[in-house]
Every structure is written in C-alpha cells, then in structure tokens.
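The next block holds one structure in the form of structure tokens; read it before the comments.
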Amino acid sequence: MTAPVQSDDVVIARAPAKINLHLGIGSTRADGFHELATVFCALSLADEVVAVEAEELSIVTTGEGAEQVSDDATNLAWRAAAALAERAGIKAEVALAVRKQIPVAAGLAGGSADAAATLVACDALWQTGADREDLVEIAATLGSDVVFSLTGGLALGTGRGELLSPVLAAGRWHWVLAVAEDGLSTGDVYAELDRLRGEGGAGTSLELPDQLLNALRARDLSAVGAALHNDMEPAAYSLMPSLRRTKAAGLEEGAQAAVLCGSGPTMAFLADGEDDAVELATRLSAQGVCRTVRTAHGPVTGARIIG
Ligand code: ATP
C-alpha cells in the first residue's frame, strides 16, 4: 500500500476489485440492460487514484494493463470526476493518476473501481459537501458496478446490479484468481449469451441464491463452494474455450470450487484458507493455463481515502 501523502492539495483513494459469487441473468429490459440477481464480493486486489489540484482535468494511468486504457474522456475515472464536478457546479480542476493493479477487461470491475475511487478522492479534494447518497446516485449513472465499488463488502445486487442490499456474513474468504492472456468485452459475452439462449443452449435464472446466502451466513466453506454460480459461463467458454482447461486445472490442484468472475475471463478459485490460497496459486502458475495468478481475500471495504 502507498504511504499517505500529507497535503490538502492531494488526495489518494483506493477501491476494490469485485467477483460475483452468484450471477443470475434474466432477460433484456426495455433499456437494453439485462436484469440481474447477483452476489458481489469486494476483494483485497485494488486500484489507487491520486487526485491533485490542477488547472484542468487530466488523467495518467500506470500499472497492470495501463496500455489498454485510454487517458481521455472515455476513461471511467475521468467521467467520474466530470460528473461530480457538474453535480457540484464547479470546474473539474484535477490531475488524476490511476495506479492499476486490477487487470483490465478481466471481469473484475477495474474501471468501476477507478471511477469509485475518483468520486471519493475528488469529493474530498474539492470538499463538494456531497453525501453518500449523492455519490451513489452519480455512481449509478457511470456504470452498473460502480455503486458496488463505492460500497464494497458483500452485497446482493438486483436491477442491473446497482440496487444493493448488504449480505450479513462473518469472516473472510480466500481466493486465487487466474487471469487470462486476453480480455473479454462484457458486451460481447452478453451478446453470445443471448445467442446461446436463442438456440436453447443456456437458461435464465433470477431467483435469489438462498443456498449461497445461507452458506455464507453459516460460514460453511464447502456449501459456499457448491453454491457458486455464474450464468455467463457457457457464453464465456464459447468465446474462450481455453477457460474450461483453466477451471479444471484449478480444481485438480485442490481448489474447493471455481467460478467465472463477472463476464470473465478471470476464473476465481475458492481456497481453504490463506496458506492454501498461496499454495494453490503456485501450483496453478506452474500449469501454464493463464497469463498470471493472484491471491486475494474478501470481503473488504469499498472506495476509501487512504492519504
Ligand atoms: P465491466 O465493468 O464492463 O464488466 P471489466 O470488469 O471486465 O468490465 P474493466 O477493467 O472495467 O473490465 O474494463 C472494461 C473496459 O472499460 C476496458 O475495455 C477499458 O477500455 C474501459 N475502461 C474505461 N476506463 C477504464 C479504467 N479506468 N480502467 C480500466 N478500463 C477502463
């Protein structure tokens, strides 16, 4: 973690990656979004945003996958700063430096994390007086996952994922993330899911995941593992068949269970504990079934100021 910088003109915020322990996807709504029933878990893997007073809005991205991210008004962090400034009726006078650790286009909501970190950082820098509800409202306009990136923890998401209610469950869970060589576009995976559903090859499921919620409350590792589910998996496998091998390798190497992260292509493996996660990560790396392997725990808090 970066050491806090003591200056009124600089604010540093951190926001978590997420995985979906359950991702049920309904049909397409009139506004083009799919209706979701999902359980989000915020992870210790996180991006940081440094916000510095400046004459105009600018952004520089460094770290994991930075070369895949645009440093202009299409960047979600830029859009977050602009939206907050507009709401506050001020000019967006800030230089943003995004330090990425969350892989890009990996199903881990890295862009959403950057937007959430930017909202809290700029809010503190500009002292806009916005309350939590204001930030949540702005977050919802930026993207479906940005509200969760702001909130963090463990939460049930409905609507298009932006309507959250907390899931009460004690303790932390340990994960190994297998990050694929290439990214997958969320839009492409949804389109493939719709195509497969049209052919009768994939179902819809919008029921609340009671089994998972009970297992989380009971802190029952094997029951949580058995209840992990993602409706996106058939579509992601169809676009990236090598993911089946990745999943099988992690399970063979001793993971409790596996689930695709969001629209993929990252695969999350549930480990028995922290030491098991490190061992599993080492063995999975040696298999050569993915670009890189990370360990992470969750749930952790949402976007927050760290300096
Ligand atoms: P989604 O949130 O759409 O499910 P994801 O979690 O799979 O996406 P992200 O890392 O958020 O993946 O990237 C999705 C796309 O958003 C990328 O192709 C990237 O070009 C774009 N993007 C815009 N701003 C950012 C940002 N700050 N960080 C990462 N990607 C960004």
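Residues are referred to by chain and number: the chain letter is A, B, ... according to the order shown in the structure tokens, the number counts from 1 in that chain, and ligands are numbered separately from 1 in the order shown.
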Could you produce a table of the residues of chain A lying within 9 Å of ligand 1, with the nearest pair of atoms per residue and their separation in Å rounded to one decimal, using only C-alpha atoms and all ligand atoms, ordered by chain and increasing residue number, as JSON lines?
```
{"residue": "A:Ala17", "atom": "CA", "partner": "ligand 1", "partner_atom_place_in_ligand_line": "6 (O)", "distance": 8.2}
{"residue": "A:Lys18", "atom": "CA", "partner": "ligand 1", "partner_atom_place_in_ligand_line": "6 (O)", "distance": 8.2}
{"residue": "A:Thr61", "atom": "CA", "partner": "ligand 1", "partner_atom_place_in_ligand_line": "27 (N)", "distance": 7.8}
{"residue": "A:Gly65", "atom": "CA", "partner": "ligand 1", "partner_atom_place_in_ligand_line": "29 (C)", "distance": 8.0}
{"residue": "A:Ala66", "atom": "CA", "partner": "ligand 1", "partner_atom_place_in_ligand_line": "29 (C)", "distance": 7.8}
{"residue": "A:Gln68", "atom": "CA", "partner": "ligand 1", "partner_atom_place_in_ligand_line": "20 (O)", "distance": 6.1}
{"residue": "A:Val69", "atom": "CA", "partner": "ligand 1", "partner_atom_place_in_ligand_line": "20 (O)", "distance": 4.9}
{"residue": "A:Ser70", "atom": "CA", "partner": "ligand 1", "partner_atom_place_in_ligand_line": "20 (O)", "distance": 6.5}
{"residue": "A:Asp71", "atom": "CA", "partner": "ligand 1", "partner_atom_place_in_ligand_line": "24 (N)", "distance": 8.3}
{"residue": "A:Asp72", "atom": "CA", "partner": "ligand 1", "partner_atom_place_in_ligand_line": "24 (N)", "distance": 9.0}
{"residue": "A:Ala73", "atom": "CA", "partner": "ligand 1", "partner_atom_place_in_ligand_line": "24 (N)", "distance": 8.9}
{"residue": "A:Thr74", "atom": "CA", "partner": "ligand 1", "partner_atom_place_in_ligand_line": "23 (C)", "distance": 6.1}
{"residue": "A:Asn75", "atom": "CA", "partner": "ligand 1", "partner_atom_place_in_ligand_line": "24 (N)", "distance": 3.6}
{"residue": "A:Leu76", "atom": "CA", "partner": "ligand 1", "partner_atom_place_in_ligand_line": "24 (N)", "distance": 4.0}
{"residue": "A:Ala77", "atom": "CA", "partner": "ligand 1", "partner_atom_place_in_ligand_line": "27 (N)", "distance": 5.2}
{"residue": "A:Trp78", "atom": "CA", "partner": "ligand 1", "partner_atom_place_in_ligand_line": "27 (N)", "distance": 7.9}
{"residue": "A:Arg79", "atom": "CA", "partner": "ligand 1", "partner_atom_place_in_ligand_line": "24 (N)", "distance": 8.6}
{"residue": "A:Val98", "atom": "CA", "partner": "ligand 1", "partner_atom_place_in_ligand_line": "27 (N)", "distance": 7.4}
{"residue": "A:Lys100", "atom": "CA", "partner": "ligand 1", "partner_atom_place_in_ligand_line": "28 (N)", "distance": 7.6}
{"residue": "A:Ile102", "atom": "CA", "partner": "ligand 1", "partner_atom_place_in_ligand_line": "10 (O)", "distance": 7.1}
{"residue": "A:Pro103", "atom": "CA", "partner": "ligand 1", "partner_atom_place_in_ligand_line": "10 (O)", "distance": 6.1}
{"residue": "A:Val104", "atom": "CA", "partner": "ligand 1", "partner_atom_place_in_ligand_line": "10 (O)", "distance": 3.4}
{"residue": "A:Ala105", "atom": "CA", "partner": "ligand 1", "partner_atom_place_in_ligand_line": "12 (O)", "distance": 3.2}
{"residue": "A:Ala106", "atom": "CA", "partner": "ligand 1", "partner_atom_place_in_ligand_line": "7 (O)", "distance": 4.2}
{"residue": "A:Gly107", "atom": "CA", "partner": "ligand 1", "partner_atom_place_in_ligand_line": "7 (O)", "distance": 3.3}
{"residue": "A:Leu108", "atom": "CA", "partner": "ligand 1", "partner_atom_place_in_ligand_line": "6 (O)", "distance": 4.1}
{"residue": "A:Ala109", "atom": "CA", "partner": "ligand 1", "partner_atom_place_in_ligand_line": "6 (O)", "distance": 3.0}
{"residue": "A:Gly110", "atom": "CA", "partner": "ligand 1", "partner_atom_place_in_ligand_line": "10 (O)", "distance": 4.0}
{"residue": "A:Gly111", "atom": "CA", "partner": "ligand 1", "partner_atom_place_in_ligand_line": "11 (O)", "distance": 3.5}
{"residue": "A:Ser112", "atom": "CA", "partner": "ligand 1", "partner_atom_place_in_ligand_line": "11 (O)", "distance": 5.6}
{"residue": "A:Ala113", "atom": "CA", "partner": "ligand 1", "partner_atom_place_in_ligand_line": "27 (N)", "distance": 7.6}
{"residue": "A:Asp114", "atom": "CA", "partner": "ligand 1", "partner_atom_place_in_ligand_line": "27 (N)", "distance": 5.1}
{"residue": "A:Ala115", "atom": "CA", "partner": "ligand 1", "partner_atom_place_in_ligand_line": "27 (N)", "distance": 6.7}
{"residue": "A:Gly143", "atom": "CA", "partner": "ligand 1", "partner_atom_place_in_ligand_line": "2 (O)", "distance": 7.5}
{"residue": "A:Ser144", "atom": "CA", "partner": "ligand 1", "partner_atom_place_in_ligand_line": "2 (O)", "distance": 7.6}
{"residue": "A:Asp145", "atom": "CA", "partner": "ligand 1", "partner_atom_place_in_ligand_line": "2 (O)", "distance": 6.3}
{"residue": "A:Val146", "atom": "CA", "partner": "ligand 1", "partner_atom_place_in_ligand_line": "2 (O)", "distance": 8.2}
{"residue": "A:Gly183", "atom": "CA", "partner": "ligand 1", "partner_atom_place_in_ligand_line": "7 (O)", "distance": 7.3}
{"residue": "A:Leu184", "atom": "CA", "partner": "ligand 1", "partner_atom_place_in_ligand_line": "7 (O)", "distance": 6.7}
{"residue": "A:Ser185", "atom": "CA", "partner": "ligand 1", "partner_atom_place_in_ligand_line": "7 (O)", "distance": 6.5}
{"residue": "A:Thr186", "atom": "CA", "partner": "ligand 1", "partner_atom_place_in_ligand_line": "3 (O)", "distance": 5.1}
{"residue": "A:Gly187", "atom": "CA", "partner": "ligand 1", "partner_atom_place_in_ligand_line": "3 (O)", "distance": 7.6}
{"residue": "A:Cys261", "atom": "CA", "partner": "ligand 1", "partner_atom_place_in_ligand_line": "7 (O)", "distance": 8.5}
{"residue": "A:Gly262", "atom": "CA", "partner": "ligand 1", "partner_atom_place_in_ligand_line": "4 (O)", "distance": 6.3}
{"residue": "A:Ser263", "atom": "CA", "partner": "ligand 1", "partner_atom_place_in_ligand_line": "4 (O)", "distance": 6.1}
{"residue": "A:Gly264", "atom": "CA", "partner": "ligand 1", "partner_atom_place_in_ligand_line": "7 (O)", "distance": 6.5}
{"residue": "A:Pro265", "atom": "CA", "partner": "ligand 1", "partner_atom_place_in_ligand_line": "7 (O)", "distance": 7.8}
{"residue": "A:Thr266", "atom": "CA", "partner": "ligand 1", "partner_atom_place_in_ligand_line": "7 (O)", "distance": 8.7}
```
**Message:** Could you go through stretch 110-295 of chain A and tell me which residues DSSP, when run on the backbone, assigns to helix (DSSP H, G or I), listing them as a PyMOL selection string?
**Reply:** chain A and resi 110-126+132-142+146-151+186-198+210-218+221-227+233-239+242-252+274-287
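Residues in contact with A:Leu150 at up to 6 Å, not including ones fewer than 2 positions away on its chain and judged by only C-alpha atoms, are Ala116, Val147, Phe148, Gly152, Gly302 and Ala303 of chain A.
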**Fill in**
Counting only C-alpha atoms, closest pick from A:Ala95, A:Asp134, A:Ile25, A:Ile305 relative to A:Ala235 is A:Ile25
What's around A:Glu279 at 12 Å? Count only C-alpha atoms, leave out sequence neighbours fewer than 2 positions away in its own chain, and write the answer as a compact mmCIF listing (two decimals) with all heavy atoms, in the first residue's frame.
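Done, and the output landed in result.txt:
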```txt
# COMPACT_ATOMS: atom_id res chain seq x y z
N HIS A 174 -10.79 -16.72 1.07
CA HIS A 174 -9.53 -16.59 0.33
C HIS A 174 -9.70 -17.13 -1.09
O HIS A 174 -10.25 -18.21 -1.28
CB HIS A 174 -8.41 -17.31 1.08
CG HIS A 174 -8.11 -16.64 2.37
ND1 HIS A 174 -7.22 -15.59 2.48
CD2 HIS A 174 -8.64 -16.80 3.61
CE1 HIS A 174 -7.20 -15.15 3.73
NE2 HIS A 174 -8.05 -15.87 4.44
N TRP A 175 -9.19 -16.36 -2.04
CA TRP A 175 -9.40 -16.65 -3.46
C TRP A 175 -8.09 -16.67 -4.21
O TRP A 175 -7.15 -15.95 -3.86
CB TRP A 175 -10.29 -15.55 -4.07
CG TRP A 175 -11.60 -15.44 -3.40
CD1 TRP A 175 -11.92 -14.60 -2.35
CD2 TRP A 175 -12.78 -16.21 -3.65
NE1 TRP A 175 -13.22 -14.81 -1.96
CE2 TRP A 175 -13.77 -15.79 -2.74
CE3 TRP A 175 -13.10 -17.21 -4.58
CZ2 TRP A 175 -15.05 -16.33 -2.73
CZ3 TRP A 175 -14.37 -17.75 -4.57
CH2 TRP A 175 -15.33 -17.32 -3.65
N VAL A 176 -8.06 -17.45 -5.26
CA VAL A 176 -6.97 -17.42 -6.22
C VAL A 176 -7.60 -17.02 -7.55
O VAL A 176 -8.61 -17.60 -7.97
CB VAL A 176 -6.27 -18.79 -6.34
CG1 VAL A 176 -5.21 -18.76 -7.44
CG2 VAL A 176 -5.63 -19.16 -5.00
N GLY A 250 -7.42 -25.72 -11.89
CA GLY A 250 -7.51 -25.22 -10.51
C GLY A 250 -8.20 -26.23 -9.60
O GLY A 250 -7.79 -26.43 -8.45
N GLU A 253 -5.92 -29.03 -8.85
CA GLU A 253 -4.84 -28.63 -7.93
C GLU A 253 -5.33 -28.37 -6.51
O GLU A 253 -4.58 -27.89 -5.67
CB GLU A 253 -4.11 -27.39 -8.47
CG GLU A 253 -3.32 -27.63 -9.74
CD GLU A 253 -2.16 -28.61 -9.57
OE1 GLU A 253 -1.86 -29.00 -8.43
OE2 GLU A 253 -1.56 -28.98 -10.59
N GLY A 254 -6.62 -28.63 -6.26
CA GLY A 254 -7.09 -28.61 -4.87
C GLY A 254 -8.01 -27.48 -4.48
O GLY A 254 -8.31 -27.32 -3.29
N ALA A 255 -8.47 -26.66 -5.45
CA ALA A 255 -9.42 -25.61 -5.09
C ALA A 255 -10.72 -26.23 -4.59
O ALA A 255 -11.12 -27.30 -5.06
CB ALA A 255 -9.70 -24.73 -6.30
N ALA A 271 -10.28 -21.06 -1.92
CA ALA A 271 -9.29 -21.87 -1.21
C ALA A 271 -9.72 -22.07 0.25
O ALA A 271 -10.54 -21.31 0.77
CB ALA A 271 -7.93 -21.18 -1.26
N ASP A 272 -9.13 -23.08 0.89
CA ASP A 272 -9.50 -23.40 2.27
C ASP A 272 -9.06 -22.33 3.26
O ASP A 272 -9.63 -22.18 4.32
CB ASP A 272 -8.86 -24.74 2.69
CG ASP A 272 -9.51 -25.90 1.95
OD1 ASP A 272 -10.54 -25.65 1.30
OD2 ASP A 272 -8.99 -27.02 2.02
N GLY A 273 -8.01 -21.60 2.95
CA GLY A 273 -7.51 -20.57 3.85
C GLY A 273 -6.38 -19.84 3.14
O GLY A 273 -6.09 -20.11 1.97
N GLU A 274 -5.72 -18.93 3.86
CA GLU A 274 -4.70 -18.10 3.23
C GLU A 274 -3.51 -18.92 2.72
O GLU A 274 -3.06 -18.75 1.59
CB GLU A 274 -4.21 -17.06 4.23
CG GLU A 274 -3.38 -15.98 3.59
CD GLU A 274 -3.10 -14.81 4.52
OE1 GLU A 274 -3.50 -14.89 5.72
OE2 GLU A 274 -2.50 -13.85 4.06
N ASP A 275 -3.03 -19.86 3.57
CA ASP A 275 -1.87 -20.67 3.15
C ASP A 275 -2.23 -21.53 1.95
O ASP A 275 -1.43 -21.69 1.02
CB ASP A 275 -1.40 -21.57 4.31
CG ASP A 275 -0.84 -20.73 5.45
OD1 ASP A 275 -0.55 -19.55 5.20
OD2 ASP A 275 -0.73 -21.26 6.57
N ASP A 276 -3.44 -22.09 1.99
CA ASP A 276 -3.87 -22.93 0.86
C ASP A 276 -3.97 -22.11 -0.42
O ASP A 276 -3.67 -22.62 -1.51
CB ASP A 276 -5.24 -23.56 1.16
CG ASP A 276 -5.12 -24.59 2.25
OD1 ASP A 276 -4.54 -25.65 1.99
OD2 ASP A 276 -5.57 -24.31 3.37
N ALA A 277 -4.39 -20.86 -0.28
CA ALA A 277 -4.50 -20.00 -1.47
C ALA A 277 -3.12 -19.78 -2.08
O ALA A 277 -2.96 -19.85 -3.31
CB ALA A 277 -5.14 -18.66 -1.09
N ALA A 281 -2.05 -21.06 -5.71
CA ALA A 281 -1.58 -20.09 -6.70
C ALA A 281 -0.26 -20.57 -7.33
O ALA A 281 -0.07 -20.48 -8.55
CB ALA A 281 -1.40 -18.72 -6.06
N THR A 282 0.62 -21.09 -6.50
CA THR A 282 1.92 -21.55 -7.00
C THR A 282 1.73 -22.72 -7.96
O THR A 282 2.30 -22.76 -9.06
CB THR A 282 2.80 -22.00 -5.81
OG1 THR A 282 2.83 -20.95 -4.87
CG2 THR A 282 4.22 -22.33 -6.25
N ARG A 283 0.87 -23.67 -7.55
CA ARG A 283 0.67 -24.85 -8.41
C ARG A 283 -0.03 -24.49 -9.72
O ARG A 283 0.29 -25.00 -10.79
CB ARG A 283 -0.14 -25.92 -7.64
CG ARG A 283 0.69 -26.57 -6.53
CD ARG A 283 0.04 -27.89 -6.09
NE ARG A 283 -1.30 -27.68 -5.56
CZ ARG A 283 -1.57 -27.46 -4.27
NH1 ARG A 283 -0.59 -27.42 -3.39
NH2 ARG A 283 -2.80 -27.28 -3.87
N LEU A 284 -0.99 -23.57 -9.60
CA LEU A 284 -1.72 -23.15 -10.81
C LEU A 284 -0.80 -22.41 -11.78
O LEU A 284 -0.88 -22.61 -13.00
CB LEU A 284 -2.89 -22.25 -10.39
CG LEU A 284 -4.01 -22.02 -11.39
CD1 LEU A 284 -4.59 -23.32 -11.91
CD2 LEU A 284 -5.11 -21.17 -10.77
N SER A 285 0.09 -21.57 -11.25
CA SER A 285 1.07 -20.87 -12.11
C SER A 285 1.88 -21.87 -12.91
O SER A 285 2.13 -21.66 -14.11
CB SER A 285 2.06 -20.06 -11.27
OG SER A 285 1.45 -18.96 -10.74
N ALA A 286 2.30 -22.94 -12.25
CA ALA A 286 3.16 -23.94 -12.91
C ALA A 286 2.42 -24.67 -14.03
O ALA A 286 3.05 -25.22 -14.93
CB ALA A 286 3.66 -24.94 -11.86
N VAL A 293 -1.39 -15.23 -12.04
CA VAL A 293 -2.22 -15.72 -10.94
C VAL A 293 -2.08 -14.75 -9.77
O VAL A 293 -0.98 -14.28 -9.49
CB VAL A 293 -1.75 -17.13 -10.52
CG1 VAL A 293 -2.49 -17.61 -9.29
CG2 VAL A 293 -1.94 -18.12 -11.66
N ARG A 294 -3.20 -14.43 -9.11
CA ARG A 294 -3.17 -13.53 -7.96
C ARG A 294 -3.90 -14.19 -6.80
O ARG A 294 -4.83 -14.96 -7.03
CB ARG A 294 -3.93 -12.23 -8.26
CG ARG A 294 -3.35 -11.39 -9.33
CD ARG A 294 -2.08 -10.68 -8.81
NE ARG A 294 -1.16 -10.51 -9.94
CZ ARG A 294 -1.23 -9.52 -10.81
NH1 ARG A 294 -2.11 -8.59 -10.67
NH2 ARG A 294 -0.39 -9.45 -11.82
N THR A 295 -3.50 -13.87 -5.58
CA THR A 295 -4.32 -14.26 -4.44
C THR A 295 -5.00 -13.00 -3.91
O THR A 295 -4.46 -11.90 -4.05
CB THR A 295 -3.48 -14.89 -3.30
OG1 THR A 295 -2.49 -13.95 -2.90
CG2 THR A 295 -2.83 -16.19 -3.74
```
**Prompt:** Which of these residues is nearest to A:Arg172, using only C-alpha atoms: A:Gly200, A:Gly225, A:Gly159, A:Gly298?
**Reply:**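 With only C-alpha atoms as the atom set, the closest residue is A:Gly298.
Using only C-alpha atoms, the smallest distance between any of A:Glu207, A:Glu199, A:Asp31, A:Glu86 and A:Asp123 comes from A:Glu86.
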**Request:** Could you please write out, as number ranges by chain, every residue of stretch 97-170 of chain A that DSSP assigns to strand (DSSP E)?
**Result:** A: 97-100, 154-158, 163-166
Residues of the last selection are to be written out with N, CA, C and O atoms, as a compact mmCIF listing (two decimals), in the first residue's frame.
```
# COMPACT_ATOMS: atom_id res chain seq x y z
N ALA A 97 -4.10 10.48 -11.28
CA ALA A 97 -3.11 9.44 -11.59
C ALA A 97 -3.69 8.12 -11.09
O ALA A 97 -3.93 7.95 -9.90
N VAL A 98 -3.97 7.23 -12.03
CA VAL A 98 -4.58 5.94 -11.68
C VAL A 98 -3.47 4.89 -11.64
O VAL A 98 -2.77 4.70 -12.63
N ARG A 99 -3.32 4.24 -10.50
CA ARG A 99 -2.33 3.17 -10.35
C ARG A 99 -3.08 1.85 -10.35
O ARG A 99 -3.77 1.52 -9.38
N LYS A 100 -2.96 1.12 -11.47
CA LYS A 100 -3.76 -0.09 -11.62
C LYS A 100 -3.05 -1.35 -11.12
O LYS A 100 -1.89 -1.58 -11.42
N LEU A 154 -19.93 -7.34 1.05
CA LEU A 154 -20.60 -8.48 0.43
C LEU A 154 -22.03 -8.01 0.23
O LEU A 154 -22.66 -7.55 1.19
N ALA A 155 -22.56 -8.04 -0.98
CA ALA A 155 -23.87 -7.45 -1.20
C ALA A 155 -24.65 -8.19 -2.27
O ALA A 155 -24.07 -8.75 -3.21
N LEU A 156 -25.96 -8.19 -2.08
CA LEU A 156 -26.86 -8.73 -3.09
C LEU A 156 -27.19 -7.58 -4.03
O LEU A 156 -27.56 -6.50 -3.58
N GLY A 157 -27.03 -7.80 -5.32
CA GLY A 157 -27.32 -6.76 -6.30
C GLY A 157 -28.48 -7.18 -7.19
O GLY A 157 -28.50 -8.31 -7.69
N THR A 158 -29.44 -6.27 -7.37
CA THR A 158 -30.55 -6.55 -8.29
C THR A 158 -30.65 -5.37 -9.26
O THR A 158 -29.77 -4.52 -9.29
N LEU A 163 -28.74 -1.90 -7.53
CA LEU A 163 -29.59 -1.85 -6.34
C LEU A 163 -29.03 -2.85 -5.34
O LEU A 163 -29.13 -4.07 -5.54
N LEU A 164 -28.44 -2.36 -4.27
CA LEU A 164 -27.66 -3.22 -3.38
C LEU A 164 -28.31 -3.38 -2.02
O LEU A 164 -28.88 -2.43 -1.48
N SER A 165 -28.22 -4.58 -1.47
CA SER A 165 -28.51 -4.74 -0.05
C SER A 165 -27.41 -5.60 0.56
O SER A 165 -26.93 -6.55 -0.08
N PRO A 166 -26.96 -5.23 1.77
CA PRO A 166 -25.81 -5.94 2.35
C PRO A 166 -26.14 -7.38 2.67
O PRO A 166 -27.27 -7.70 3.03
```
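In terms of minimum interatomic distance to A:Glu162, A:Leu36 ranks closest within A:Cys290, A:Ile19, A:Leu36, A:Ala236, counting only C-alpha atoms.
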**Message:** With distances taken over only C-alpha atoms, which residue among A:Ala140, A:Ala180, A:Ala249, A:Leu270 lies nearest A:Gln287?
**Reply:**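 The answer is A:Ala249, which sits nearest to A:Gln287.
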